[in-house]
file query-v1.csv (CSV, C-alpha atoms and all ligand atoms)
chain,number,residue,atom,x,y,z
H,260,MET,CA,100.1,85.0,131.8
H,261,ALA,CA,103.2,86.4,130.3
H,262,GLY,CA,104.7,84.8,127.2
H,263,ASN,CA,101.5,83.8,125.6
H,264,GLY,CA,100.4,85.7,122.5
H,265,CYS,CA,96.8,84.8,123.2
H,266,SER,CA,94.7,86.0,126.1
H,267,SER,CA,95.7,85.5,129.7
H,268,LEU,CA,94.8,82.0,131.0
H,269,PHE,CA,91.7,83.4,132.7
H,270,GLY,CA,90.6,85.4,129.6
H,271,LEU,CA,91.3,82.5,127.3
H,272,LEU,CA,89.4,80.0,129.4
H,273,SER,CA,86.4,82.3,129.8
H,274,VAL,CA,86.4,83.1,126.1
H,275,MET,CA,86.5,79.4,125.2
H,276,ALA,CA,83.8,78.5,127.8
H,277,LEU,CA,81.5,81.3,126.7
H,278,SER,CA,81.7,81.1,123.0
H,279,GLY,CA,83.8,78.2,121.9
H,280,ILE,CA,86.3,80.6,120.3
H,281,MET,CA,89.8,79.4,120.1
H,282,CYS,CA,92.6,81.9,120.2
H,283,VAL,CA,95.1,81.5,117.3
H,284,GLU,CA,98.7,82.0,118.3
H,285,VAL,CA,100.1,84.2,115.5
H,286,PRO,CA,103.9,83.9,114.7
H,287,LYS,CA,106.0,87.0,114.9
H,288,LEU,CA,108.6,88.4,112.5
H,289,LYS,CA,111.8,89.9,113.8
H,290,LEU,CA,112.3,93.5,112.5
H,291,ASN,CA,115.7,94.9,111.6
H,292,ASN,CA,115.8,96.8,115.0
H,293,GLY,CA,115.2,93.6,117.0
H,294,LYS,CA,111.5,94.3,117.7
H,295,LEU,CA,108.8,91.7,116.8
H,296,MET,CA,105.8,92.2,114.5
H,297,PRO,CA,102.9,89.7,114.4
H,298,ALA,CA,102.6,88.1,111.0
H,299,ILE,CA,99.1,89.3,110.2
H,300,ALA,CA,97.3,92.5,111.0
H,301,LEU,CA,93.7,93.6,111.0
H,302,GLY,CA,93.0,96.3,108.4
H,303,THR,CA,90.8,99.0,109.9
H,304,TYR,CA,90.1,101.2,106.9
H,305,LEU,CA,86.3,101.2,106.4
H,306,GLY,CA,86.4,102.6,102.8
H,307,PHE,CA,84.7,105.7,101.5
H,308,ASP,CA,81.4,106.6,99.9
H,309,GLN,CA,79.7,109.8,98.6
H,310,GLY,CA,79.9,111.3,102.1
H,311,GLY,CA,83.7,110.7,102.4
H,312,VAL,CA,85.4,108.1,104.7
H,313,VAL,CA,83.0,105.6,106.1
H,314,LYS,CA,82.8,106.0,109.9
H,315,SER,CA,82.1,103.3,112.5
H,316,VAL,CA,78.6,103.6,114.0
H,317,ASN,CA,77.6,102.5,117.5
H,318,LYS,CA,81.2,101.5,118.3
H,319,GLN,CA,81.0,98.7,115.8
H,320,LEU,CA,84.7,98.9,115.1
H,321,ALA,CA,85.7,99.0,118.8
H,322,ASN,CA,83.7,95.8,119.2
H,323,VAL,CA,85.4,94.3,116.2
H,324,VAL,CA,88.8,95.1,117.6
H,325,MET,CA,87.8,93.4,120.9
H,326,ASN,CA,86.5,90.3,119.2
H,327,ALA,CA,89.7,90.3,117.1
H,328,ILE,CA,91.8,90.3,120.2
H,329,ASP,CA,89.8,87.4,121.6
H,330,ILE,CA,90.4,85.4,118.4
H,331,GLY,CA,94.2,86.1,118.4
H,332,TYR,CA,94.8,89.3,116.4
H,333,ARG,CA,97.7,91.2,117.9
H,334,HIS,CA,98.4,93.7,115.2
H,335,PHE,CA,96.1,96.5,114.1
H,336,ASP,CA,96.7,98.7,111.0
H,337,THR,CA,95.1,102.2,111.1
H,338,ALA,CA,96.0,105.7,109.8
H,339,ALA,CA,95.1,109.3,110.7
H,340,ILE,CA,93.1,109.6,107.4
H,341,TYR,CA,91.0,106.5,108.1
H,342,GLU,CA,89.3,108.2,111.1
H,343,THR,CA,89.3,104.9,112.9
H,344,GLU,CA,92.1,105.6,115.4
H,345,GLU,CA,89.7,106.4,118.3
H,346,GLU,CA,87.9,103.1,118.1
H,347,VAL,CA,91.0,101.0,117.4
H,348,GLY,CA,92.5,102.5,120.6
H,349,GLU,CA,89.2,102.1,122.5
H,350,GLY,CA,89.0,98.4,121.7
H,351,ILE,CA,92.6,97.8,122.7
H,352,ARG,CA,92.3,99.8,125.9
H,353,LYS,CA,89.2,97.9,127.0
H,354,LYS,CA,90.9,94.6,126.5
H,355,ILE,CA,93.9,95.8,128.5
H,356,GLU,CA,91.5,97.0,131.3
H,357,GLU,CA,89.8,93.6,131.2
H,358,GLY,CA,93.2,92.0,131.8
H,359,ALA,CA,93.0,90.0,128.6
H,360,ILE,CA,96.2,91.5,127.3
H,361,THR,CA,98.8,94.0,128.2
H,362,ARG,CA,100.0,96.9,126.0
H,363,ASP,CA,103.1,94.9,125.2
H,364,ASP,CA,101.0,92.1,123.6
H,365,VAL,CA,99.6,94.2,120.8
H,366,PHE,CA,101.4,95.9,117.9
H,367,VAL,CA,99.7,99.1,116.7
H,368,THR,CA,100.6,100.7,113.3
H,369,THR,CA,99.3,104.1,112.3
H,370,LYS,CA,100.3,106.5,109.5
H,371,LEU,CA,101.2,110.2,109.0
H,372,TRP,CA,98.9,112.0,106.6
H,373,ASN,CA,100.3,113.9,103.6
H,374,THR,CA,99.3,117.4,104.9
H,375,GLN,CA,101.7,117.0,107.8
H,376,HIS,CA,105.0,116.4,106.0
H,377,LYS,CA,107.1,119.2,107.4
H,378,ARG,CA,109.6,117.9,109.9
H,379,GLU,CA,108.2,119.8,112.8
H,380,GLN,CA,104.7,118.7,112.0
H,381,VAL,CA,105.5,115.0,112.4
H,382,PRO,CA,105.6,114.8,116.3
H,383,LEU,CA,102.5,117.0,116.5
H,384,ALA,CA,100.6,114.7,114.1
H,385,LEU,CA,101.7,111.5,116.0
H,386,LYS,CA,100.7,113.1,119.3
H,387,GLN,CA,97.2,113.8,117.8
H,388,SER,CA,96.9,110.2,116.7
H,389,LEU,CA,98.1,108.9,120.1
H,390,ASN,CA,95.6,111.2,121.9
H,391,LYS,CA,92.8,109.8,119.7
H,392,MET,CA,93.9,106.2,120.5
H,393,GLY,CA,94.5,106.9,124.2
H,394,LEU,CA,97.9,105.3,123.9
H,395,ASN,CA,101.3,106.7,124.8
H,396,TYR,CA,103.3,105.1,121.9
H,397,VAL,CA,102.7,103.3,118.6
H,398,ASP,CA,104.7,100.3,117.6
H,399,LEU,CA,105.0,101.5,114.1
H,400,TYR,CA,104.6,104.9,112.5
H,401,LEU,CA,104.5,104.9,108.7
H,402,MET,CA,104.7,107.8,106.2
H,403,HIS,CA,101.4,107.0,104.4
H,404,TRP,CA,102.7,108.4,101.0
H,405,PRO,CA,105.9,110.1,99.7
H,406,ILE,CA,103.6,112.9,98.6
H,407,GLY,CA,103.5,116.1,100.6
H,408,LEU,CA,100.3,118.3,100.3
H,409,ASN,CA,99.4,121.7,101.7
H,410,ASP,CA,96.3,122.1,103.9
H,411,ASP,CA,94.2,122.9,100.8
H,412,TYR,CA,95.5,119.8,99.0
H,413,THR,CA,97.6,121.7,96.6
H,414,PHE,CA,101.0,120.1,96.1
H,415,SER,CA,103.7,120.9,98.5
H,416,ASP,CA,107.3,120.3,97.5
H,417,VAL,CA,108.5,119.2,100.9
H,418,ASP,CA,111.0,116.4,100.3
H,419,PHE,CA,110.1,113.0,101.7
H,420,MET,CA,113.6,112.9,103.3
H,421,GLU,CA,112.6,116.0,105.4
H,422,THR,CA,109.5,114.1,106.5
H,423,TRP,CA,111.7,111.1,107.3
H,424,ARG,CA,113.8,113.2,109.7
H,425,GLY,CA,110.5,113.9,111.5
H,426,LEU,CA,109.8,110.2,111.7
H,427,GLU,CA,113.4,109.6,113.0
H,428,ASP,CA,112.7,112.3,115.7
H,429,VAL,CA,109.5,110.5,116.9
H,430,GLN,CA,111.4,107.2,117.2
H,431,LYS,CA,114.2,108.9,119.1
H,432,SER,CA,111.7,110.5,121.5
H,433,GLY,CA,109.9,107.1,122.1
H,434,LEU,CA,106.5,108.1,120.6
H,435,ALA,CA,107.1,105.4,118.0
H,436,LYS,CA,109.0,102.1,118.6
H,437,SER,CA,109.7,101.7,114.9
H,438,ILE,CA,109.3,103.7,111.7
H,439,GLY,CA,108.6,102.9,108.1
H,440,VAL,CA,106.9,104.0,104.9
H,441,SER,CA,104.0,103.2,102.6
H,442,ASN,CA,103.4,103.6,98.9
H,443,PHE,CA,107.0,104.3,98.1
H,444,ASN,CA,108.3,102.9,94.8
H,445,LEU,CA,111.6,101.0,94.6
H,446,ASP,CA,113.7,104.1,93.6
H,447,GLN,CA,112.2,106.1,96.4
H,448,LEU,CA,112.9,103.3,98.9
H,449,ARG,CA,116.5,103.0,97.7
H,450,ARG,CA,117.0,106.7,98.2
H,451,LEU,CA,115.4,106.6,101.6
H,452,ILE,CA,117.7,103.8,102.8
H,453,LYS,CA,120.7,105.6,101.4
H,454,GLU,CA,120.0,108.9,103.1
H,455,ALA,CA,118.3,107.7,106.3
H,456,SER,CA,120.0,107.8,109.7
H,457,ILE,CA,117.4,105.2,111.0
H,458,LYS,CA,116.6,102.5,108.5
H,459,PRO,CA,112.9,101.8,108.0
H,460,VAL,CA,111.7,98.5,109.4
H,461,ALA,CA,108.8,98.1,107.0
H,462,ILE,CA,107.2,99.2,103.7
H,463,GLN,CA,103.5,98.9,103.3
H,464,VAL,CA,102.3,98.4,99.7
H,465,GLU,CA,99.4,96.9,97.8
H,466,VAL,CA,99.9,93.1,97.5
H,467,HIS,CA,97.5,90.6,96.0
H,468,PRO,CA,97.5,88.0,93.1
H,469,GLN,CA,97.3,90.8,90.5
H,470,MET,CA,100.0,92.9,92.1
H,471,ILE,CA,102.6,90.5,93.4
H,472,GLN,CA,105.4,93.1,94.1
H,473,SER,CA,108.3,90.8,93.5
H,474,GLU,CA,110.9,93.5,93.2
H,475,ILE,CA,109.9,95.3,96.4
H,476,ILE,CA,109.7,92.0,98.3
H,477,GLU,CA,113.2,91.0,97.1
H,478,TYR,CA,114.7,94.4,97.8
H,479,ALA,CA,113.1,94.6,101.2
H,480,LYS,CA,114.4,91.1,102.1
H,481,SER,CA,118.0,92.2,101.1
H,482,GLU,CA,117.6,95.1,103.5
H,483,SER,CA,116.0,93.1,106.3
H,484,MET,CA,112.8,95.0,105.9
H,485,VAL,CA,109.3,93.6,106.3
H,486,VAL,CA,106.7,94.1,103.5
H,487,MET,CA,103.1,94.7,104.7
H,488,GLY,CA,100.5,93.9,102.1
H,489,TYR,CA,97.4,96.0,101.8
H,490,SER,CA,94.2,95.0,99.9
H,491,PRO,CA,95.4,91.4,100.2
H,492,PHE,CA,92.3,89.9,98.6
H,493,GLY,CA,92.6,91.9,95.4
H,494,SER,CA,89.9,91.0,92.9
H,495,LEU,CA,88.5,88.2,95.1
H,496,VAL,CA,86.2,90.7,96.8
H,497,MET,CA,84.1,93.7,95.6
H,498,ARG,CA,85.9,97.0,95.4
H,499,TYR,CA,84.2,100.4,95.0
H,500,GLY,CA,81.0,98.4,94.9
H,501,MET,CA,82.0,96.6,91.8
H,502,GLN,CA,83.5,93.3,90.7
H,503,PHE,CA,86.8,93.8,88.8
H,504,PRO,CA,88.3,91.3,86.3
H,505,GLY,CA,90.8,88.9,87.9
H,506,PRO,CA,90.6,85.8,90.1
H,507,LYS,CA,87.4,85.5,92.1
H,508,ILE,CA,86.6,83.5,95.2
H,509,ASP,CA,85.7,80.5,93.0
H,510,GLU,CA,88.7,80.7,90.8
H,511,PRO,CA,89.5,77.1,89.9
H,512,ILE,CA,93.3,77.3,90.4
H,513,LEU,CA,92.7,78.7,93.9
H,514,VAL,CA,89.9,76.2,94.6
H,515,GLU,CA,92.2,73.3,93.8
H,516,ILE,CA,94.9,74.5,96.2
H,517,ALA,CA,92.2,75.3,98.8
H,518,SER,CA,90.7,71.9,98.7
H,519,LYS,CA,94.1,70.2,99.1
H,520,TYR,CA,94.5,72.0,102.5
H,521,ASN,CA,90.8,72.1,103.5
H,522,LYS,CA,90.9,75.9,103.4
H,523,THR,CA,89.0,78.6,101.6
H,524,THR,CA,90.4,80.6,98.7
H,525,PRO,CA,90.7,83.8,100.8
H,526,GLN,CA,92.8,81.8,103.3
H,527,VAL,CA,95.0,80.5,100.5
H,528,VAL,CA,95.6,84.0,99.2
H,529,LEU,CA,96.5,85.2,102.7
H,530,ARG,CA,98.8,82.2,103.2
H,531,TRP,CA,100.4,82.9,99.8
H,532,GLN,CA,101.4,86.3,101.3
H,533,VAL,CA,102.7,84.8,104.6
H,534,ASP,CA,104.8,82.3,102.5
H,535,ARG,CA,106.3,85.2,100.5
H,536,ASN,CA,107.3,87.0,103.8
H,537,VAL,CA,104.5,89.5,103.4
H,538,VAL,CA,102.4,90.5,106.5
H,539,PRO,CA,98.9,90.6,105.1
H,540,LEU,CA,96.4,93.3,106.4
H,541,PRO,CA,93.0,91.8,105.7
H,542,LYS,CA,90.1,94.0,106.7
H,543,SER,CA,86.9,92.4,108.0
H,544,THR,CA,84.2,93.5,110.4
H,545,ASN,CA,82.5,90.2,110.2
H,546,LEU,CA,83.1,87.7,113.1
H,547,LYS,CA,83.1,84.6,110.9
H,548,ARG,CA,85.5,86.1,108.4
H,549,LEU,CA,87.7,87.5,111.1
H,550,LYS,CA,88.2,83.9,112.4
H,551,GLU,CA,88.6,82.6,108.8
H,552,ASN,CA,91.3,85.1,108.0
H,553,ILE,CA,93.5,84.4,111.0
H,554,ASP,CA,93.2,80.6,110.7
H,555,ILE,CA,96.1,80.3,108.2
H,556,PHE,CA,99.0,79.2,110.5
H,557,ASP,CA,98.5,75.5,110.3
H,558,PHE,CA,99.4,74.9,106.7
H,559,LYS,CA,102.0,76.1,104.2
H,560,LEU,CA,102.0,76.3,100.4
H,561,GLU,CA,104.5,74.6,98.2
H,562,GLN,CA,106.7,76.6,96.0
H,563,TYR,CA,104.9,75.5,92.8
H,564,GLU,CA,101.6,76.6,94.3
H,565,ILE,CA,103.1,80.0,95.2
H,566,GLU,CA,104.2,80.3,91.6
H,567,LYS,CA,100.8,79.4,90.2
H,568,ILE,CA,99.3,82.2,92.2
H,569,ASN,CA,102.1,84.6,91.1
H,570,GLN,CA,100.9,84.0,87.5
H,571,PHE,CA,97.8,86.1,88.1
H,572,HIS,CA,100.0,89.1,88.1
H,573,ASN,CA,98.9,91.8,85.6
H,574,ASN,CA,100.0,95.0,87.4
H,575,VAL,CA,96.5,96.1,88.5
H,576,ARG,CA,96.3,98.5,91.4
H,577,TYR,CA,93.1,99.3,93.2
H,578,THR,CA,94.7,102.2,95.1
H,579,LEU,CA,95.6,104.6,92.2
H,580,PRO,CA,95.4,108.2,93.3
H,581,SER,CA,95.9,109.6,89.8
H,582,PHE,CA,94.7,113.0,91.0
H,583,TRP,CA,98.3,113.2,92.4
H,584,GLN,CA,100.0,111.9,89.3
H,585,ASN,CA,101.7,115.2,88.5
H,586,HIS,CA,103.2,115.5,92.0
H,587,PRO,CA,107.1,115.3,91.8
H,588,TYR,CA,107.0,112.3,94.2
H,589,TYR,CA,104.0,110.4,92.7
H,590,PRO,CA,105.2,106.8,93.2
H,591,PHE,CA,103.2,104.9,90.5
H,592,GLU,CA,103.1,104.8,86.7
H,593,LYS,CA,101.0,107.7,85.3
H,594,ILE,CA,97.8,106.7,83.4
H,595,ASP,CA,96.5,108.3,80.3
H,596,ASN,CA,92.8,108.6,81.2
H,597,PRO,CA,92.6,109.4,84.9
H,598,GLN,CA,88.9,110.0,84.6
H,599,ASP,CA,88.4,106.3,83.9
H,600,ASN,CA,89.9,105.4,87.3
H,601,PRO,CA,87.3,104.0,89.7
H,602,PHE,CA,89.4,105.1,92.7
H,603,LEU,CA,89.3,108.6,91.5
H,604,ASN,CA,85.6,108.6,90.6
H,605,LYS,CA,84.5,107.2,93.9
H,606,ARG,CA,86.8,109.2,96.1
H,607,LYS,CA,85.6,112.4,97.6
H,608,GLN,CA,88.4,114.3,99.3
X,701,LIG,N1,98.8,102.1,103.0
X,701,LIG,C1,97.8,102.3,102.2
X,701,LIG,O1,97.8,103.2,101.4
X,701,LIG,C2,96.6,101.4,102.3
X,701,LIG,C3,95.6,101.4,101.2
X,701,LIG,C4,94.5,100.6,101.3
X,701,LIG,C5,94.4,99.7,102.4
X,701,LIG,N2,95.3,99.7,103.4
X,701,LIG,C6,95.1,98.9,104.6
X,701,LIG,O2,94.9,97.5,104.2
X,701,LIG,C7,93.6,97.1,104.8
X,701,LIG,C8,92.9,96.1,103.9
X,701,LIG,O3,92.7,96.6,102.6
X,701,LIG,P1,91.3,96.7,101.9
X,701,LIG,O4,90.3,97.0,102.9
X,701,LIG,O5,91.5,97.6,100.7
X,701,LIG,O6,91.1,95.2,101.3
X,701,LIG,P2,90.9,93.7,101.7
X,701,LIG,O7,91.3,93.5,103.1
X,701,LIG,O8,91.6,93.0,100.6
X,701,LIG,O9,89.4,93.5,101.4
X,701,LIG,C9,88.4,93.8,102.4
X,701,LIG,C10,87.0,93.3,101.9
X,701,LIG,O10,87.0,91.9,101.8
X,701,LIG,C11,85.9,91.4,102.6
X,701,LIG,N3,86.4,90.2,103.2
X,701,LIG,C12,87.3,90.1,104.3
X,701,LIG,N4,87.6,88.8,104.5
X,701,LIG,C13,86.9,88.0,103.6
X,701,LIG,C14,86.8,86.6,103.4
X,701,LIG,N5,87.5,85.8,104.2
X,701,LIG,N6,86.0,86.2,102.4
X,701,LIG,C15,85.3,87.1,101.6
X,701,LIG,N7,85.4,88.4,101.8
X,701,LIG,C16,86.2,88.9,102.8
X,701,LIG,C17,85.6,92.5,103.6
X,701,LIG,O11,84.2,92.4,103.9
X,701,LIG,P3,83.7,92.2,105.5
X,701,LIG,O12,84.3,93.3,106.3
X,701,LIG,O13,82.3,92.2,105.3
X,701,LIG,O14,84.3,90.8,105.8
X,701,LIG,C18,85.9,93.7,102.7
X,701,LIG,O15,84.8,94.0,101.9
X,701,LIG,C19,92.9,98.4,105.1
X,701,LIG,O16,91.8,98.2,106.0
X,701,LIG,C20,94.0,99.3,105.5
X,701,LIG,O17,94.3,99.0,106.9
X,701,LIG,C21,96.4,100.6,103.4
X,702,LIG,C1,88.0,71.1,107.2
X,702,LIG,O1,87.8,72.5,107.8
X,702,LIG,C2,86.6,72.6,108.5
X,702,LIG,C3,86.5,74.1,108.8
X,702,LIG,O2,87.7,74.6,109.5
X,702,LIG,C4,86.5,71.7,109.7
X,702,LIG,O3,85.3,71.9,110.4
X,702,LIG,C5,86.7,70.3,109.2
X,702,LIG,O4,86.7,69.4,110.3
X,702,LIG,C6,87.9,70.1,108.4
X,702,LIG,N1,87.9,68.8,107.8
X,702,LIG,C7,89.0,68.0,107.8
X,702,LIG,C8,88.9,66.7,107.1
X,702,LIG,O5,90.1,68.3,108.4
call {"tool": "encode", "arguments": {"input": "query-v1.csv", "output": "structure tokens", "more": "lines below"}}
Ligand SMILES: NC(=O)c1ccc[n+]([C@@H]2O[C@H](COP(=O)([O-])OP(=O)(O)OC[C@H]3O[C@@H](n4cnc5c(N)ncnc54)[C@H](OP(=O)(O)O)[C@@H]3O)[C@@H](O)[C@H]2O)c1
Ligand SMILES: *[C@@H]1O[C@H](CO)[C@@H](O)[C@H](O)[C@H]1NC(C)=O
result
Amino acid sequence: MAGNGCSSLFGLLSVMALSGIMCVEVPKLKLNNGKLMPAIALGTYLGFDQGGVVKSVNKQLANVVMNAIDIGYRHFDTAAIYETEEEVGEGIRKKIEEGAITRDDVFVTTKLWNTQHKREQVPLALKQSLNKMGLNYVDLYLMHWPIGLNDDYTFSDVDFMETWRGLEDVQKSGLAKSIGVSNFNLDQLRRLIKEASIKPVAIQVEVHPQMIQSEIIEYAKSESMVVMGYSPFGSLVMRYGMQFPGPKIDEPILVEIASKYNKTTPQVVLRWQVDRNVVPLPKSTNLKRLKENIDIFDFKLEQYEIEKINQFHNNVRYTLPSFWQNHPYYPFEKIDNPQDNPFLNKRKQ
């Protein structure tokens, strides 16, 4: 059934009959190149532990992606460095084979890793990602960081504008329908827009109640760019196996708003992003929470409620790769005691 963001009529009826799952119809945002992006994406980074990045076992992630498609997710966020591209692609391809969706119904975002920043490396890197996913194009290809690294992770001085030429090349050749960046600061984004031949459609940055990103959101709006918000739950959930200071799932200000709309506090935080024109990227591999996180399109926060949540802002980042802080294109504020940084301590790569 064309025109329906949810499953085909057959798929939808069988899904509803078998499990009582309703498929949420997710709204879409128009990008500055005319293409459409679903307003929420499933995050697919599984985190890292002592052994490096956490990998899916027994096709768990492919099954999560298939369940997510049944529930209404139409946008998936992955990256070469997450090592989840294979199973994201597998889940999508299986649903296409089942006839539940067509390739056009889903929006796939992946990202270029820092060790492939030379212009001529970009098409090769994207082809590797596409091979892993079993797809012949991505909807959005992002430069993961402005930071170029050599194979041995020493700093490379390749300018992110050279890398951007490579992203422009893959859009022109059709391997990516749209291109954008992640983890650029405002000055870097301004320079990119000034010097680019193809304007980025999106910037992906950390957005949650403690890191509200007002300047980037405002600037992106003025340039008709979409902001994609990563780690959307911030301090509401455990990070690096720890609880951090900041609003929790039972935070009274969030509970008050949540009870008014008969929603949970994680839903309120996701809706806060949607209402600020941010596309949230919640990660969950749990069926109940997958459903909870997408069930945010039947209510809307009032301006004073948005502002109440904005007041949690205290400039906390959970992704703070201070081991790169002496790189010429390091985007964030440098910290004095990088050894105290949990991101650094728990990361092994
Ligand atoms: N561009 C970048 O540099 C960058 C950096 C970081 C992340 N990202 C992207 O952003 C995505 C999300 O970021 P993230 O994983 O850091 O953080 P997140 O989505 O804010 O948090 C994920 C955690 O929250 C739990 N959770 C999910 N829904 C919940 C709910 N309704 N109630 C309670 N707990 C819930 C998940 O557990 P369960 O799975 O058990 O539900 C998981 O432990 C990533 O997967 C990745 O795609 C991008
Ligand atoms: C509140 O939300 C729950 C869970 O979505 C639902 O089962 C219940 O019917 C809702 N209650 C009202 C009064 O809308």
call {"tool": "residues_near_ligand", "arguments": {"input": "query-v1.csv", "ligand": "ligand LIG 702 (chain X)", "cutoff": "10 Å", "atoms": "all atoms listed in the file", "output": "list in words"}}
result
Ser518, Tyr520, Asn521, Lys522, Thr523, Lys550, Glu551 and Asp554 of chain H
call {"tool": "write_last_selection", "arguments": {"input": "query-v1.csv", "atoms": "C-alpha atoms", "output": "tab-separated table (two decimals), in the coordinates of the input"}}
result
chain	number	residue	atom	x	y	z
H	518	SER	CA	90.70	71.90	98.70
H	520	TYR	CA	94.50	72.00	102.50
H	521	ASN	CA	90.80	72.10	103.50
H	522	LYS	CA	90.90	75.90	103.40
H	523	THR	CA	89.00	78.60	101.60
H	550	LYS	CA	88.20	83.90	112.40
H	551	GLU	CA	88.60	82.60	108.80
H	554	ASP	CA	93.20	80.60	110.70
call {"tool": "residues_near_ligand", "arguments": {"input": "query-v1.csv", "ligand": "ligand LIG 701 (chain X)", "cutoff": "9 Å", "atoms": "all atoms listed in the file", "output": "PyMOL selection string"}}
result
chain H and resi 300-306+335-338+341+369-370+401-404+440-442+462-467+487-498+508+523-526+539-552+577-578
call {"tool": "atom_distance", "arguments": {"input": "query-v1.csv", "atom1": "CA of Lys458 in chain H", "atom2": "CA of Val538 in chain H"}}
result
18.7 Å
call {"tool": "closest_residue", "arguments": {"input": "query-v1.csv", "among": "H:Ile360, H:Ala298, H:Ala435, H:Leu290", "to": "Ile555 in chain H", "atoms": "all atoms listed in the file"}}
result
H:Ala298
call {"tool": "atom_distance", "arguments": {"input": "query-v1.csv", "atom1": "CA of Phe307 in chain H", "atom2": "CA of Tyr588 in chain H"}}
result
24.4 Å
call {"tool": "closest_residue", "arguments": {"input": "query-v1.csv", "among": "H:Asp411, H:Asp509, H:Asp446, H:Glu346", "to": "Tyr478 in chain H", "atoms": "all atoms listed in the file"}}
result
H:Asp446
call {"tool": "atom_distance", "arguments": {"input": "query-v1.csv", "atom1": "CA of Ile299 in chain H", "atom2": "CA of Leu399 in chain H"}}
result
14.1 Å
call {"tool": "closest_residue", "arguments": {"input": "query-v1.csv", "among": "H:Leu529, H:Ala461, H:Met501, H:Leu560", "to": "Ile516 in chain H", "atoms": "only C-alpha atoms"}}
result
H:Leu560
